[in-house]
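Engineer: This is the structure, below, for whatever I ask next.
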Number of protein chains: 2
Amino acid sequence: MTTRPAGSIGISLGEVETPALLLDLDAFERNLKRMADAAVGAALRVRPHSKSHKCPVIALRQIDCGAVGVCCQKVSEAEAMVNGGVRDVYVCNEIVDGAKIQRLAALARQARVAVAVDHPDNVKALREAALRFGVELSAFVEVNVGMERCGVEPGEPVVALARQISGSPGLHFSGLQAYHGKAQHLLTYNERREAIESAVEKVKLTKSLLEQAGLPCEQISGSGTGTYCFELKSRVFTELQPGSYIFMDVEYGNIQGRDGGPYRDFEHSLFIYTQVMSCPSEDRVVVDAGLKAFTTEKGMPWVYGMPDVQCVGVSDEHSLLRINGSDHTFKLGDKLKLIPPHCDPTVNLHDWYVGFRENRVEALWPITARGPGY
Amino acid sequence: MTTRPAGSIGISLGEVETPALLLDLDAFERNLKRMADAAVGAALRVRPHSKSHKCPVIALRQIDCGAVGVCCQKVSEAEAMVNGGVRDVYVCNEIVDGAKIQRLAALARQARVAVAVDHPDNVKALREAALRFGVELSAFVEVNVGMERCGVEPGEPVVALARQISGSPGLHFSGLQAYHGKAQHLLTYNERREAIESAVEKVKLTKSLLEQAGLPCEQISGSGTGTYCFELKSRVFTELQPGSYIFMDVEYGNIQGRDGGPYRDFEHSLFIYTQVMSCPSEDRVVVDAGLKAFTTEKGMPWVYGMPDVQCVGVSDEHSLLRINGSDHTFKLGDKLKLIPPHCDPTVNLHDWYVGFRENRVEALWPITARGPGY
């Protein structure tokens with residue numbers, strides 16, 4: 001059920017209740033601008049992935065910065081984005097359920113709607129729904145460029161599916177979905193570069209076969225926060241789908257930049273605000289945020305601004321901080337910020353962003369696309 | 001934001017949208033009864049932990065089965081329980097924030113309210129709030145019986161805090177909070193038994209010192225789904241706080257029973273319903289539930305009823321199933337059930353239980369205590 005916000009506009013950050021999802025608006029806006037500038041410099045489109053933020057307010061800010069629309073992963077997310085004012089949504093994922101396909105087609109009465117496909121039966125179902133609702137759906141063929149999840153193999157299997165789409169009234173063949181998810185968090189710059197070079201080869205081969213078949217790709221869409229600089233230079237990708245760049249997290253904080261140091265293309269803007277609730281021993285402090293405030297499948301959160309204080313344990317409603325050898329002292333009620341291990345599923349736990357600037361709450365943005373996404 | 005339910009009452013299970021949180025009502029009711037019968041047999045109170053279900057409808061079902069009230073972990077959970085009709089709530093956790101303490105005291109105008117403490121400053125703050133609102137708060141001293149999280153050490157530190165509570169108008173010393181969280185998931189029956197035997201020794205020593213100081217314990221509260229059978233026989237615990245027993249999950253499914261086989265005191269009743277969305281290769285199937293439908297900090301989900309199909313990867317909106325060597329074949333749109341790795345944070349991702357019996361939807365129960373808990 002929807003929770004009330006953890007603070008109100010105008011209060012100081014220290015007055016925000018815990019645990020809450022904080023957004024540093026200055027850092028967020030610098031991140032927005034950096035990605036936009038990079039894409040403009042390379043004459044590429046940006047279509048940020050809204051699965052990271054799940055918030056139409058943020059989507060509209062991205063569009064203000066030049067984004068052509070947003071990606072979504074679920075029909076429910078696309079509905080929330082369109083309801084929040086976005087007019088161009090691309091569900092870059094397979095939608096196979098009959099009821100969901102109807103919702104997708106119905107949404108195309110209100111906005112430009114695209115979807116990814118990887119199966120001929122799915123193309124048929126999309127065509128029927130598009131005809132029933134009298135709309136056109138753009139369809140991208142998802143190609144497996146190394147992620148080994150959904151998608152058809154590069155080359156002829158893509159051509160066959162593109163031909164089927166192209167011959168389907170109500171559908172428009174728009175190009176390739178070529179996201180390499182596994183490449184995003186490879187440790188070194190060179191590992192990520194090599195992974196994307198391999199993906200680019202597969203895309204080029206496939207694009208060329210499509211052209212020979214008279215099925216040109218309008219868009220080749222993919223990329224993420226960890227690899228955007230490689231797709232930018234690829235001369236084959238036309239559209240970037242970064243999500244996490246607006247927030248960053250521990251998982252991205254752990255990868256290396258080009259110089260072997262930390263990856264610093266973007267700044268940490270997303271935090272979990274938490275409070276000391278128990279100080280049971282000299283070296284142990286317990287704070288009030290746990291698995292219901294952030295997720296830990298990518299490891300422990302970082303304690304912001306305190307590299308010598310480690311989070312060593314997380315349970316449902318608690319985190320345990322180890323302050324061995326630290327100069328920091330804590331008392332009951334102290335508040336601190338954690339950098340979440342993984343931004344997307346962390347955002348999904350919350351109903352509101354508490355946006356702050358210079359320690360004052362300035363924005364309360366509802367996370368209307370939250371939820372499992374049925 | 002609140003999502004609509006994934007189905008409606010009366011439809012068949014196969015018509016429920018995915019991913020959804022399913023509750024097998026028959027298995028759930030058998031679990032309710034088993035714990036209630038065990039406690040009655042031992043003449044102990046049951047005060048189930050609502051942090052697992054976050055749903056007043058379930059709390060009231062537990063009370064119908066003899067529970068004296070519920071435990072909560074957050075003030076927000078206690079508020080949701082009282083708003084949903086529960087009249088006896090125990091926040092068995094430390095509440096140190098000034099605003100939250102006021103909410104707790106205000107809640108005691110509507111219901112019996114207890115709270116755990118582990119610090120003298122916190123006792124003072126609770127006393128002031130109780131006096132301001134003209135209520136009595138029951139206070140339990142949390143004793144560290146082996147969990148190494150919150151709580152004071154057994155023995156004299158407990159007596160000092162109990163004495164302070166006892167001398168505080170507005171507060172009532174109710175006894176000990178003695179939960180051994182780390183013991184719940186120890187692999188073998190004997191490891192769990194030994195951990196609780198050690199906790200029981202600490203509790204007995206402390207209880208005896210308290211009695212010598214003229215501070216008798218009305219209740220000694222603790223235990224969980226993995227160890228309840230040991231606290232039951234301890235002759236010192238008076239109240240059990242099990243949470244997961246109504247649902248079970250992979251983490252509890254992985255521990256051993258007394259005979260060394262799987263722990264079968266309770267049945268799996270909680271599932272994530274999911275749908276096949278891509279069949280990219282002979283041995284690989286992708287379903288539409290990922291980290292936004294269940295959490296994986298305790299490992300991978302199980303595919304219910306298909307022990308030869310393994311979940312080998314989970315991302316934000318997808319899970320990858322490996323069907324090597326399995327007789328199962330899958331096609332787009334097939335629906336199946338996953339057993340979540342860890343029930344509490346999984347429930348927290350959803351707004352509704354879709355309760356079913358004999359493949360028909362019978363109940364839609366709102367998860368009103370969902371959220372990070374500020």
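Every chain in the structure tokens takes a letter, A first, then B, and so on in the order presented; its residues are numbered from 1, and the ligands are numbered from 1 following the presented order.
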Give as a VMD selection string every residue of chain B that touches chain A within 8 Å, counting only C-alpha atoms.
Structural biologist: chain B and resid 1 to 3 6 17 to 20 73 94 to 97 118 to 119 149 to 152 277 to 280 286 289 291 to 293 295 to 297 316 to 317 320 332 to 333 344 to 345 348 to 351 366 to 374
Engineer: Taking only stretch 68-275 of chain B into account, list the residues labelled alpha helix (DSSP H) by DSSP (computed from the backbone), as a ChimeraX atom specification.
Structural biologist: /B:75-83,98-107,120-133,156-166,189-212,228-232,250-253
Engineer: Store the residues of this selection in a file with C-alpha atoms, as an mmCIF file, in the first residue's frame.
Structural biologist:
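Result went into selection_8.cif, see below:
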data_model
loop_
_atom_site.group_PDB
_atom_site.id
_atom_site.type_symbol
_atom_site.label_atom_id
_atom_site.label_comp_id
_atom_site.auth_asym_id
_atom_site.auth_seq_id
_atom_site.Cartn_x
_atom_site.Cartn_y
_atom_site.Cartn_z
ATOM 1 C CA VAL B 75 6.063 1.640 14.534
ATOM 2 C CA SER B 76 4.573 1.875 11.052
ATOM 3 C CA GLU B 77 3.807 -1.848 11.197
ATOM 4 C CA ALA B 78 2.211 -1.478 14.626
ATOM 5 C CA GLU B 79 0.057 1.378 13.295
ATOM 6 C CA ALA B 80 -1.064 -0.749 10.343
ATOM 7 C CA MET B 81 -1.911 -3.650 12.657
ATOM 8 C CA VAL B 82 -3.932 -1.500 15.059
ATOM 9 C CA ASN B 83 -5.671 0.222 12.158
ATOM 10 C CA GLY B 98 11.579 11.161 18.913
ATOM 11 C CA ALA B 99 8.725 11.359 16.420
ATOM 12 C CA LYS B 100 8.378 7.578 16.286
ATOM 13 C CA ILE B 101 8.280 7.354 20.086
ATOM 14 C CA GLN B 102 5.394 9.823 20.113
ATOM 15 C CA ARG B 103 3.554 7.754 17.504
ATOM 16 C CA LEU B 104 4.092 4.660 19.633
ATOM 17 C CA ALA B 105 2.715 6.361 22.735
ATOM 18 C CA ALA B 106 -0.239 7.765 20.781
ATOM 19 C CA LEU B 107 -1.000 4.263 19.532
ATOM 20 C CA PRO B 120 18.820 4.042 29.418
ATOM 21 C CA ASP B 121 18.362 7.171 27.264
ATOM 22 C CA ASN B 122 15.665 5.331 25.359
ATOM 23 C CA VAL B 123 13.879 4.436 28.619
ATOM 24 C CA LYS B 124 13.794 8.141 29.529
ATOM 25 C CA ALA B 125 12.391 9.133 26.146
ATOM 26 C CA LEU B 126 9.701 6.435 26.308
ATOM 27 C CA ARG B 127 8.723 7.501 29.828
ATOM 28 C CA GLU B 128 8.290 11.121 28.748
ATOM 29 C CA ALA B 129 6.160 10.182 25.760
ATOM 30 C CA ALA B 130 3.991 7.830 27.833
ATOM 31 C CA LEU B 131 3.391 10.602 30.377
ATOM 32 C CA ARG B 132 2.636 13.147 27.660
ATOM 33 C CA PHE B 133 -0.002 10.892 26.137
ATOM 34 C CA GLU B 156 23.527 -7.303 35.558
ATOM 35 C CA PRO B 157 23.159 -4.929 32.553
ATOM 36 C CA VAL B 158 19.611 -6.246 32.132
ATOM 37 C CA VAL B 159 18.864 -5.771 35.832
ATOM 38 C CA ALA B 160 20.017 -2.137 35.696
ATOM 39 C CA LEU B 161 17.759 -1.356 32.775
ATOM 40 C CA ALA B 162 14.810 -3.264 34.256
ATOM 41 C CA ARG B 163 15.204 -1.309 37.483
ATOM 42 C CA GLN B 164 15.159 1.964 35.554
ATOM 43 C CA ILE B 165 11.995 0.905 33.702
ATOM 44 C CA SER B 166 10.351 -0.256 36.897
ATOM 45 C CA TYR B 189 18.523 -29.854 14.405
ATOM 46 C CA ASN B 190 21.348 -30.319 16.915
ATOM 47 C CA GLU B 191 23.062 -27.051 16.014
ATOM 48 C CA ARG B 192 19.799 -25.210 16.552
ATOM 49 C CA ARG B 193 19.139 -27.090 19.797
ATOM 50 C CA GLU B 194 22.591 -26.216 21.163
ATOM 51 C CA ALA B 195 22.215 -22.543 20.203
ATOM 52 C CA ILE B 196 18.888 -22.296 22.020
ATOM 53 C CA GLU B 197 20.222 -24.235 25.032
ATOM 54 C CA SER B 198 22.922 -21.589 25.290
ATOM 55 C CA ALA B 199 20.340 -18.804 24.981
ATOM 56 C CA VAL B 200 18.157 -20.473 27.623
ATOM 57 C CA GLU B 201 21.078 -20.536 30.061
ATOM 58 C CA LYS B 202 21.592 -16.792 29.587
ATOM 59 C CA VAL B 203 17.893 -16.137 30.061
ATOM 60 C CA LYS B 204 17.695 -18.295 33.202
ATOM 61 C CA LEU B 205 20.660 -16.558 34.791
ATOM 62 C CA THR B 206 19.209 -13.142 33.996
ATOM 63 C CA LYS B 207 15.711 -14.055 35.153
ATOM 64 C CA SER B 208 17.098 -15.282 38.446
ATOM 65 C CA LEU B 209 19.060 -12.047 39.019
ATOM 66 C CA LEU B 210 15.952 -10.038 38.193
ATOM 67 C CA GLU B 211 13.920 -12.035 40.731
ATOM 68 C CA GLN B 212 16.583 -11.463 43.361
ATOM 69 C CA TYR B 228 10.232 -22.886 18.360
ATOM 70 C CA CYS B 229 10.320 -26.532 19.438
ATOM 71 C CA PHE B 230 13.288 -25.796 21.731
ATOM 72 C CA GLU B 231 11.898 -22.662 23.370
ATOM 73 C CA LEU B 232 8.650 -24.609 23.820
ATOM 74 C CA VAL B 250 13.805 -21.737 0.487
ATOM 75 C CA GLU B 251 15.909 -20.633 3.454
ATOM 76 C CA TYR B 252 13.762 -22.682 5.850
ATOM 77 C CA GLY B 253 13.356 -25.383 3.229
#
Engineer: If DSSP is run on the backbone, what residues of stretch 157-195 of chain A are strand (DSSP E or B)? A reply as a list of chain:residue names would be ideal.
Structural biologist: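 Listing strand (DSSP E or B) positions across stretch 157-195 of chain A yields A:Leu171, A:His172, A:Phe173, A:Ser174, A:Gly175, A:Leu176, A:Gln177.
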Engineer: Those residues with N, CA and C atoms, as a short mmCIF file (atom, residue, chain, number, x, y, z; two decimals), in the first residue's frame please?
Structural biologist:
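out28.cif written:
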data_model
loop_
_atom_site.label_atom_id
_atom_site.label_comp_id
_atom_site.auth_asym_id
_atom_site.auth_seq_id
_atom_site.Cartn_x
_atom_site.Cartn_y
_atom_site.Cartn_z
N LEU A 171 2.06 -3.72 -37.40
CA LEU A 171 3.40 -3.70 -36.81
C LEU A 171 4.36 -2.97 -37.75
N HIS A 172 5.37 -2.38 -37.16
CA HIS A 172 6.40 -1.68 -37.93
C HIS A 172 7.76 -2.19 -37.46
N PHE A 173 8.57 -2.70 -38.36
CA PHE A 173 9.91 -3.16 -37.97
C PHE A 173 10.82 -1.94 -37.76
N SER A 174 11.28 -1.79 -36.52
CA SER A 174 12.03 -0.57 -36.16
C SER A 174 13.52 -0.81 -36.02
N GLY A 175 13.94 -2.04 -35.85
CA GLY A 175 15.38 -2.27 -35.73
C GLY A 175 15.70 -3.32 -34.69
N LEU A 176 16.84 -3.14 -34.05
CA LEU A 176 17.37 -4.17 -33.15
C LEU A 176 17.44 -3.70 -31.70
N GLN A 177 17.06 -4.60 -30.81
CA GLN A 177 17.31 -4.44 -29.38
C GLN A 177 18.59 -5.23 -29.10
#
Engineer: What is the distance between atom CA of B:Ala38 and atom CA of B:Lys54, in Å to one decimal?
Structural biologist: 23.3 Å
Engineer: So which residues touch B:Asp308 within 10 Å, counting only C-alpha atoms, skipping near sequence neighbours fewer than 4 positions away, as an mmCIF file with N, CA and C atoms, in the first residue's frame?
Structural biologist:
data_model
loop_
_atom_site.group_PDB
_atom_site.id
_atom_site.type_symbol
_atom_site.label_atom_id
_atom_site.label_comp_id
_atom_site.auth_asym_id
_atom_site.auth_seq_id
_atom_site.Cartn_x
_atom_site.Cartn_y
_atom_site.Cartn_z
ATOM 1 N N TRP B 302 13.167 -21.809 -5.691
ATOM 2 C CA TRP B 302 12.911 -23.159 -6.210
ATOM 3 C C TRP B 302 11.719 -23.090 -7.156
ATOM 4 N N VAL B 303 11.762 -23.948 -8.176
ATOM 5 C CA VAL B 303 10.624 -24.069 -9.072
ATOM 6 C C VAL B 303 9.714 -25.136 -8.471
ATOM 7 N N ARG B 322 17.083 -23.403 -15.965
ATOM 8 C CA ARG B 322 17.880 -24.378 -16.714
ATOM 9 C C ARG B 322 17.107 -25.680 -16.695
ATOM 10 N N ILE B 323 16.809 -26.214 -17.867
ATOM 11 C CA ILE B 323 15.978 -27.408 -17.927
ATOM 12 C C ILE B 323 16.758 -28.610 -18.451
ATOM 13 N N ASN B 324 18.073 -28.522 -18.369
ATOM 14 C CA ASN B 324 18.950 -29.638 -18.750
ATOM 15 C C ASN B 324 18.521 -30.925 -18.077
ATOM 16 N N GLY B 325 18.336 -31.938 -18.859
ATOM 17 C CA GLY B 325 18.083 -33.256 -18.279
ATOM 18 C C GLY B 325 16.710 -33.369 -17.659
ATOM 19 N N SER B 326 15.852 -32.390 -17.920
ATOM 20 C CA SER B 326 14.505 -32.448 -17.366
ATOM 21 C C SER B 326 13.546 -32.943 -18.433
ATOM 22 N N ASP B 327 12.474 -33.596 -17.994
ATOM 23 C CA ASP B 327 11.431 -34.008 -18.937
ATOM 24 C C ASP B 327 10.491 -32.860 -19.266
ATOM 25 N N HIS B 328 10.599 -31.776 -18.506
ATOM 26 C CA HIS B 328 9.656 -30.686 -18.701
ATOM 27 C C HIS B 328 9.929 -29.956 -20.007
#
Engineer: Would you work out the distance separating atom CA of B:Cys55 from atom CA of B:Gly222, expressed in Å to one decimal?
Structural biologist: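 That distance, rounded to one decimal, is 20.7 Å.
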Engineer: Rounded to one decimal, what separation in Å do you get between atom CA of B:Pro216 and atom CA of B:Gly146?
Structural biologist: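 Atom-to-atom, atom CA of B:Pro216 to atom CA of B:Gly146, that is 22.5 Å.
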